[in-house]
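Engineer: Compact mmCIF, C-alpha atoms, file query_13.txt:
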```txt
# COMPACT_ATOMS: atom_id res chain seq x y z
CA MET A 1 -1.81 -0.99 45.48
CA THR A 2 0.04 -4.27 46.13
CA ARG A 3 -1.52 -5.81 43.01
CA ARG A 4 -0.45 -2.80 40.94
CA LEU A 5 3.12 -3.01 42.24
CA ALA A 6 3.29 -6.71 41.39
CA GLN A 7 1.90 -6.26 37.88
CA VAL A 8 4.23 -3.40 37.02
CA ALA A 9 7.21 -5.22 38.52
CA ARG A 10 6.50 -8.30 36.38
CA LYS A 11 6.02 -6.16 33.29
CA VAL A 12 9.36 -4.39 33.70
CA GLY A 13 11.32 -7.26 35.27
CA VAL A 14 12.29 -5.42 38.45
CA SER A 15 11.43 -5.79 42.13
CA GLU A 16 8.31 -4.35 43.71
CA ALA A 17 10.58 -2.24 45.90
CA THR A 18 12.04 -0.60 42.79
CA VAL A 19 8.56 0.13 41.45
CA SER A 20 7.62 1.63 44.81
CA ARG A 21 10.68 3.92 44.74
CA VAL A 22 9.68 5.17 41.28
CA LEU A 23 6.06 5.76 42.27
CA ASN A 24 7.16 7.69 45.34
CA ASN A 25 9.76 9.64 43.32
CA LYS A 26 12.61 8.35 45.48
CA PRO A 27 16.29 8.31 44.40
CA GLY A 28 18.34 5.20 43.74
CA VAL A 29 16.70 4.21 40.42
CA SER A 30 18.31 4.68 37.01
CA ASP A 31 16.61 6.93 34.47
CA THR A 32 16.09 3.96 32.15
CA THR A 33 14.38 1.88 34.84
CA ARG A 34 12.32 4.84 36.00
CA GLN A 35 11.10 5.44 32.45
CA SER A 36 10.32 1.73 31.97
CA VAL A 37 8.21 1.68 35.12
CA LEU A 38 6.28 4.78 34.07
CA SER A 39 5.69 3.33 30.60
CA ALA A 40 4.46 0.08 32.16
CA LEU A 41 1.96 2.06 34.23
CA ASP A 42 0.64 3.66 31.05
CA VAL A 43 0.45 0.37 29.16
CA LEU A 44 -1.36 -1.39 32.02
CA GLY A 45 -3.87 1.45 32.28
CA TYR A 46 -2.87 2.77 35.73
CA GLU A 47 -2.80 6.48 36.48
CA ARG A 48 0.58 7.95 37.27
CA PRO A 49 1.10 9.45 40.73
CA THR A 50 0.18 13.13 40.76
CA GLN A 51 3.77 14.29 41.12
CA LEU A 52 4.78 12.33 38.00
CA ARG A 53 1.97 13.31 35.68
CA GLY A 54 3.91 16.22 34.28
CA GLU A 55 6.33 13.80 32.63
CA ARG A 56 5.19 12.76 29.21
CA ALA A 57 5.09 9.01 28.66
CA ARG A 58 7.45 7.37 26.19
CA LEU A 59 4.37 6.07 24.39
CA VAL A 60 3.51 6.70 20.74
CA GLY A 61 0.02 6.19 19.38
CA LEU A 62 -0.11 4.27 16.10
CA VAL A 63 -3.59 4.87 14.67
CA LEU A 64 -4.68 2.55 11.83
CA PRO A 65 -8.04 2.33 10.05
CA GLU A 66 -8.06 -1.49 9.96
CA LEU A 67 -5.91 -4.62 10.03
CA GLN A 68 -7.66 -6.63 7.29
CA ASN A 69 -5.65 -4.91 4.57
CA PRO A 70 -2.16 -6.43 5.02
CA ILE A 71 -0.46 -3.11 4.23
CA PHE A 72 -1.41 -1.72 7.65
CA PRO A 73 0.04 -4.57 9.77
CA ALA A 74 3.16 -4.27 7.58
CA PHE A 75 3.50 -0.57 8.42
CA ALA A 76 2.81 -1.34 12.10
CA GLU A 77 5.59 -3.92 12.20
CA VAL A 78 8.19 -1.59 10.68
CA ILE A 79 7.15 1.45 12.73
CA GLY A 80 6.90 -0.55 15.95
CA GLY A 81 10.41 -1.90 15.52
CA ALA A 82 11.84 1.52 14.70
CA LEU A 83 10.08 3.09 17.70
CA ALA A 84 11.53 0.43 20.01
CA GLN A 85 15.03 1.30 18.78
CA GLN A 86 14.31 4.89 19.86
CA GLY A 87 13.18 3.77 23.31
CA LEU A 88 9.54 4.46 22.47
CA THR A 89 6.59 2.10 22.95
CA PRO A 90 3.86 1.93 20.29
CA VAL A 91 0.22 1.86 21.35
CA LEU A 92 -1.80 0.28 18.52
CA CYS A 93 -5.18 1.92 17.93
CA THR A 94 -7.28 0.15 15.31
CA GLN A 95 -10.66 1.51 14.32
CA THR A 96 -13.68 -0.74 13.91
CA LYS A 97 -17.04 -0.01 12.36
CA GLY A 98 -19.35 1.18 15.09
CA GLY A 99 -16.50 1.04 17.61
CA VAL A 100 -13.90 3.48 18.88
CA SER A 101 -13.42 6.32 16.41
CA GLU A 102 -10.19 8.07 15.45
CA ALA A 103 -11.22 11.09 17.53
CA ASP A 104 -11.93 8.81 20.53
CA TYR A 105 -8.47 7.30 20.23
CA VAL A 106 -6.91 10.76 20.19
CA GLU A 107 -8.68 11.60 23.45
CA LEU A 108 -7.45 8.37 25.04
CA LEU A 109 -3.89 8.96 23.85
CA LEU A 110 -3.89 12.48 25.23
CA GLN A 111 -5.03 11.13 28.58
CA GLN A 112 -2.02 8.78 28.52
CA GLN A 113 0.36 11.71 27.97
CA VAL A 114 1.75 10.17 24.77
CA SER A 115 4.95 11.53 23.30
CA GLY A 116 3.54 11.54 19.76
CA VAL A 117 1.10 10.01 17.29
CA VAL A 118 1.52 8.34 13.89
CA PHE A 119 -1.52 8.09 11.63
CA ALA A 120 -1.74 5.77 8.62
CA GLY A 121 -4.74 5.81 6.30
CA GLY A 122 -6.78 8.09 8.55
CA LEU A 123 -9.42 10.76 8.16
CA TYR A 124 -6.72 13.30 7.31
CA ALA A 125 -6.81 11.80 3.79
CA GLN A 126 -10.52 12.60 3.33
CA ALA A 127 -11.41 16.21 2.58
CA ASP A 128 -15.01 15.89 3.78
CA ALA A 129 -14.24 14.05 7.04
CA PRO A 130 -14.11 15.69 10.52
CA HIS A 131 -10.63 16.95 11.42
CA GLU A 132 -11.13 18.62 14.81
CA HIS A 133 -9.06 15.97 16.63
CA TYR A 134 -6.04 16.82 14.47
CA LYS A 135 -6.43 20.48 15.42
CA LEU A 136 -6.54 19.41 19.07
CA LEU A 137 -3.21 17.61 18.69
CA ALA A 138 -1.70 20.66 17.02
CA ALA A 139 -2.99 22.93 19.79
CA ARG A 140 -1.41 20.66 22.42
CA LYS A 141 1.84 20.65 20.39
CA ILE A 142 1.88 16.85 20.22
CA PRO A 143 4.36 15.55 17.61
CA VAL A 144 2.46 13.96 14.73
CA VAL A 145 3.46 12.30 11.43
CA LEU A 146 1.00 11.29 8.72
CA ILE A 147 1.57 8.42 6.28
CA ASN A 148 0.41 9.07 2.71
CA ALA A 149 -1.44 12.00 1.17
CA ALA A 150 -3.30 14.36 3.48
CA ILE A 151 -5.42 17.45 3.03
CA GLU A 152 -3.24 20.56 2.88
CA ARG A 153 -4.38 22.63 5.85
CA LEU A 154 -3.35 20.33 8.73
CA GLY A 155 0.31 21.37 8.76
CA PHE A 156 1.80 18.07 9.97
CA PRO A 157 4.84 16.42 8.37
CA ALA A 158 3.88 13.57 6.04
CA VAL A 159 5.64 10.58 4.51
CA SER A 160 4.04 9.41 1.27
CA CYS A 161 4.43 7.05 -1.62
CA ASP A 162 4.26 9.03 -4.86
CA ASP A 163 0.75 8.34 -6.19
CA ALA A 164 1.46 10.00 -9.54
CA VAL A 165 4.51 7.82 -10.23
CA ALA A 166 2.59 4.72 -9.13
CA VAL A 167 -0.20 5.33 -11.62
CA GLU A 168 2.25 6.22 -14.37
CA GLN A 169 4.12 2.95 -13.84
CA ALA A 170 0.93 0.89 -13.89
CA TRP A 171 -0.59 2.72 -16.86
CA ARG A 172 2.57 2.56 -18.99
CA HIS A 173 2.87 -1.15 -18.23
CA LEU A 174 -0.64 -1.83 -19.50
CA SER A 175 -0.18 0.52 -22.44
CA THR A 176 3.06 -1.21 -23.45
CA LEU A 177 1.23 -4.54 -23.40
CA GLY A 178 -1.23 -3.09 -25.91
CA HIS A 179 -4.17 -2.04 -23.73
CA ARG A 180 -6.00 1.07 -24.92
CA ARG A 181 -9.18 0.89 -22.83
CA ILE A 182 -7.80 1.21 -19.30
CA GLY A 183 -9.96 1.89 -16.27
CA LEU A 184 -9.32 2.97 -12.68
CA VAL A 185 -10.74 1.61 -9.43
CA LEU A 186 -10.30 4.31 -6.79
CA GLY A 187 -11.49 5.21 -3.32
CA PRO A 188 -14.11 7.89 -2.51
CA ALA A 189 -14.06 11.20 -4.39
CA ASP A 190 -12.74 13.15 -1.35
CA HIS A 191 -9.87 10.68 -0.78
CA MET A 192 -6.61 12.56 -1.43
CA PRO A 193 -4.46 9.63 -2.69
CA SER A 194 -7.27 8.70 -5.09
CA GLN A 195 -7.50 12.28 -6.29
CA ARG A 196 -3.78 12.28 -6.99
CA LYS A 197 -3.99 8.99 -8.85
CA LEU A 198 -6.85 10.22 -11.01
CA ALA A 199 -5.04 13.45 -11.89
CA ALA A 200 -1.93 11.50 -12.86
CA ALA A 201 -3.95 9.04 -14.91
CA ARG A 202 -5.52 11.83 -16.95
CA VAL A 203 -2.06 13.19 -17.76
CA ILE A 204 -0.55 9.84 -18.71
CA ALA A 205 -3.62 8.89 -20.74
CA GLU A 206 -3.18 12.00 -22.85
CA GLN A 207 0.54 11.33 -23.24
CA THR A 208 -0.04 7.78 -24.45
CA GLY A 209 -2.84 8.72 -26.83
CA ALA A 210 -5.47 6.86 -24.82
CA GLU A 211 -8.76 8.09 -23.44
CA LEU A 212 -9.98 8.19 -19.88
CA PRO A 213 -13.71 8.93 -20.06
CA ASP A 214 -15.71 9.22 -16.85
CA GLU A 215 -17.17 5.74 -17.32
CA HIS A 216 -13.64 4.34 -17.07
CA VAL A 217 -13.28 5.70 -13.51
CA SER A 218 -15.07 3.72 -10.82
CA ARG A 219 -15.03 4.23 -7.06
CA GLY A 220 -15.61 1.95 -4.13
CA MET A 221 -14.81 1.31 -0.48
CA PHE A 222 -11.33 -0.08 0.19
CA SER A 223 -12.25 -3.76 0.38
CA ILE A 224 -12.47 -6.80 -1.87
CA GLU A 225 -16.24 -6.33 -2.09
CA GLY A 226 -15.82 -2.66 -2.96
CA GLY A 227 -13.31 -3.56 -5.66
CA GLN A 228 -15.62 -6.20 -7.10
CA ALA A 229 -18.55 -3.78 -7.43
CA ALA A 230 -16.41 -0.98 -8.88
CA ALA A 231 -14.65 -3.28 -11.37
CA ALA A 232 -17.97 -4.73 -12.54
CA ARG A 233 -18.92 -1.25 -13.74
CA LEU A 234 -15.65 -0.96 -15.66
CA LEU A 235 -16.21 -4.32 -17.29
CA ASP A 236 -19.63 -3.09 -18.41
CA ALA A 237 -17.80 -0.15 -20.02
CA GLY A 238 -15.55 -2.53 -21.95
CA VAL A 239 -12.14 -1.91 -20.38
CA THR A 240 -9.39 -4.50 -20.91
CA GLY A 241 -7.01 -3.26 -18.22
CA ILE A 242 -7.75 -2.09 -14.65
CA VAL A 243 -5.49 -0.07 -12.36
CA CYS A 244 -6.56 -0.29 -8.72
CA ALA A 245 -5.78 1.96 -5.73
CA SER A 246 -5.07 -0.98 -3.38
CA ASP A 247 -4.40 -4.70 -3.50
CA PRO A 248 -7.76 -5.65 -1.92
CA LEU A 249 -9.50 -3.57 -4.61
CA ALA A 250 -7.48 -5.45 -7.23
CA LEU A 251 -8.45 -8.83 -5.76
CA GLY A 252 -12.06 -7.66 -5.98
CA ALA A 253 -11.51 -6.80 -9.64
CA VAL A 254 -10.17 -10.31 -10.29
CA ARG A 255 -13.25 -11.74 -8.61
CA ALA A 256 -15.55 -9.52 -10.71
CA ALA A 257 -13.91 -10.77 -13.91
CA ARG A 258 -14.22 -14.42 -12.89
CA ARG A 259 -17.86 -14.02 -11.91
CA ARG A 260 -18.45 -13.12 -15.55
CA GLY A 261 -16.49 -16.06 -16.84
CA LEU A 262 -13.55 -13.88 -17.89
CA GLY A 263 -9.95 -14.95 -17.52
CA VAL A 264 -7.22 -12.88 -15.83
CA PRO A 265 -5.09 -11.90 -17.68
CA GLN A 266 -6.49 -13.56 -20.82
CA ASP A 267 -9.54 -11.28 -20.98
CA VAL A 268 -8.73 -8.50 -18.54
CA SER A 269 -5.48 -7.39 -16.88
CA VAL A 270 -5.42 -6.13 -13.28
CA VAL A 271 -2.79 -4.05 -11.44
CA GLY A 272 -2.91 -3.51 -7.66
CA TYR A 273 -1.18 -1.06 -5.36
CA ASP A 274 0.86 -1.71 -2.16
CA ASP A 275 2.41 -5.16 -2.81
CA SER A 276 1.05 -6.28 0.54
CA ALA A 277 1.51 -9.75 2.00
CA PHE A 278 0.43 -12.85 0.05
CA MET A 279 0.06 -11.12 -3.33
CA THR A 280 2.47 -13.73 -4.69
CA CYS A 281 0.10 -16.45 -3.47
CA THR A 282 -3.03 -15.31 -5.31
CA GLU A 283 -4.16 -16.97 -8.54
CA PRO A 284 -2.81 -15.51 -10.67
CA PRO A 285 -0.07 -13.76 -8.64
CA LEU A 286 -0.92 -10.06 -8.61
CA THR A 287 0.94 -7.45 -10.63
CA THR A 288 1.11 -4.46 -8.32
CA VAL A 289 2.95 -1.25 -7.48
CA ARG A 290 5.03 -1.69 -4.34
CA GLN A 291 5.13 0.91 -1.59
CA PRO A 292 8.61 1.08 0.04
CA ILE A 293 7.20 0.26 3.47
CA GLU A 294 10.54 -0.18 5.24
CA ALA A 295 11.96 3.16 4.09
CA MET A 296 8.69 5.02 4.69
CA GLY A 297 8.25 3.54 8.16
CA ARG A 298 11.76 4.42 9.26
CA ALA A 299 11.46 7.96 7.89
CA THR A 300 8.19 8.34 9.80
CA VAL A 301 9.81 7.39 13.10
CA GLU A 302 12.83 9.59 12.42
CA LEU A 303 10.58 12.62 11.85
CA LEU A 304 8.60 11.81 15.00
CA ALA A 305 11.70 11.29 17.15
CA LEU A 306 13.16 14.62 16.02
CA GLN A 307 9.95 16.39 17.05
CA ILE A 308 9.89 14.60 20.41
CA ALA A 309 13.47 15.75 20.99
CA GLY A 310 12.36 19.33 20.37
CA SER A 311 13.84 19.74 16.90
CA ALA A 312 11.98 21.51 14.13
CA VAL A 313 11.11 19.37 11.10
CA PRO A 314 9.89 20.49 7.68
CA THR A 315 6.17 20.16 7.09
CA GLU A 316 6.75 19.49 3.39
CA GLU A 317 5.72 16.02 2.32
CA LEU A 318 8.45 13.42 1.83
CA LEU A 319 7.68 11.50 -1.37
CA PHE A 320 9.02 7.98 -1.83
CA GLU A 321 9.37 6.23 -5.18
CA PRO A 322 7.19 3.13 -5.75
CA GLU A 323 8.22 0.10 -7.78
CA LEU A 324 6.17 -1.83 -10.34
CA VAL A 325 6.22 -5.57 -9.64
CA VAL A 326 5.07 -7.55 -12.68
CA ARG A 327 3.46 -10.91 -12.02
CA GLY A 328 0.75 -13.00 -13.62
CA SER A 329 -2.36 -10.77 -13.50
CA THR A 330 -1.34 -8.69 -16.53
CA GLY A 331 -0.83 -9.67 -20.15
CA GLN A 332 -1.50 -8.61 -23.70
CA PRO A 333 -5.10 -8.06 -24.74
CA SER A 334 -6.49 -10.53 -27.24
CA GLN A 335 -6.45 -9.69 -30.92
CA GLU A 336 -10.23 -9.47 -30.83
CA GLN A 337 -10.08 -6.88 -28.03
CA THR A 338 -7.52 -4.72 -29.82
CA GLN A 339 -9.65 -4.61 -32.94
CA LYS A 340 -12.73 -3.32 -31.11
```
Give the structure from the file, written as structure tokens.
Structural biologist:
Amino acid sequence: MTRRLAQVARKVGVSEATVSRVLNNKPGVSDTTRQSVLSALDVLGYERPTQLRGERARLVGLVLPELQNPIFPAFAEVIGGALAQQGLTPVLCTQTKGGVSEADYVELLLQQQVSGVVFAGGLYAQADAPHEHYKLLAARKIPVVLINAAIERLGFPAVSCDDAVAVEQAWRHLSTLGHRRIGLVLGPADHMPSQRKLAAARVIAEQTGAELPDEHVSRGMFSIEGGQAAAARLLDAGVTGIVCASDPLALGAVRAARRRGLGVPQDVSVVGYDDSAFMTCTEPPLTTVRQPIEAMGRATVELLALQIAGSAVPTEELLFEPELVVRGSTGQPSQEQTQK
């Protein structure tokens, strides 16, 4: 008990006597200090005293699929800062292969009496994935916000970048440069953002007089290696421009081209998606479609805070406009390529 008092006191910056008053539900402590002590208990992994367990912690779970893709740490930074401004503390939950699953994290967060949960890039985006843990959150009436496209039946508010506009921007850019054989590197077939991108690509291909045969659509896991394998199939099909569903996929496409002795953009142009960190530092710098991370992150926290305060929020998806950022990975196809 003494060790716990000392740890919590150091964490909050108050005396052990103050922590003791909070734990014993005694008067003489401000609401702000009381809440800080309870949050510190949660963060340090201590159980709250029985008489205080009915109070929900000012903790918010932030569940991410990985941290290797720079877009997820970027979202975490924005959301974490916005949560702090609301007096909420983010609890970062990052999945690892063979480690703690998304459903396991939900169980842990429920045990910690979290005030809400934000999901980014989770199983809600995959139609064939298990979704029981989302239903559990809904049944417990835990405030939840999803980032980017989700399956329809979950009923949570969502904040998304407009996949259709993103693909249209990338496709028109390549088409304007003179590319007619454009391919897509997407995620798995049940991945909702990828489905939206494919549907938009079929529309814009028809509008621009191009073709999008099945062999110009290639799928892979969201990684550089997945992008390399998927892009290699497109190169076999003779595409001159590649639109990718993430920046790591695009970097994999660049690698696939170079492994064949092809130049980027001299022989093949590549467009990414996200405009995550360091895309200006690649060789060549990556042309990509930028997600408005700052605006999306702040909207996510605003929707969550309203729910925590007991306000009703619309479950309709908020769509944010992306922005094409042209750099060095795209250019005109060669005269030889246009004549094929």
Engineer: For A:Val114, find every residue with an atom within 10 Å (counting only C-alpha atoms), except residues of its own chain fewer than 3 positions away, and show them as a list in words.
Structural biologist: Ser39, Asp42, Glu55, Arg56, Ala57, Arg58, Leu59, Val60, Gly61, Leu88, Thr89, Pro90, Val91, Val106, Leu108, Leu109, Leu110, Gln111, Val117, Ile142 and Pro143 of chain A
Engineer: When distances are computed from only C-alpha atoms, which of A:Ser218, A:Gln307, A:Thr240, A:Gln126 shows the smallest separation from A:Asp267?
Structural biologist: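 When distances to A:Asp267 are compared using only C-alpha atoms, the smallest one comes from A:Thr240.
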Engineer: Please measure the separation of atom CA of A:Gln169 and atom CA of A:Glu283, giving the value in Å to one decimal.
Structural biologist: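 Interatomic distance, atom CA of A:Gln169 to atom CA of A:Glu283: 22.2 Å.
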Engineer: Kindly give the distance, in Å, that separates atom CA of A:Pro292 and atom CA of A:Arg181, rounded to a single decimal.
Structural biologist: 29.0 Å
Engineer: In Å to one decimal, how far is atom CA of A:Gly155 from atom CA of A:Glu316?
Structural biologist: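 Result for atom CA of A:Glu316 versus atom CA of A:Gly155: 8.6 Å, one decimal.
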Engineer: Env of A:Phe222: 9 Å cut, atoms = only C-alpha atoms, seq-sep filter 5 positions within chain, self excluded. Answer as an MDAnalysis selection string.
Structural biologist: chainID A and resid 69 186:188 227 245:246 248:249
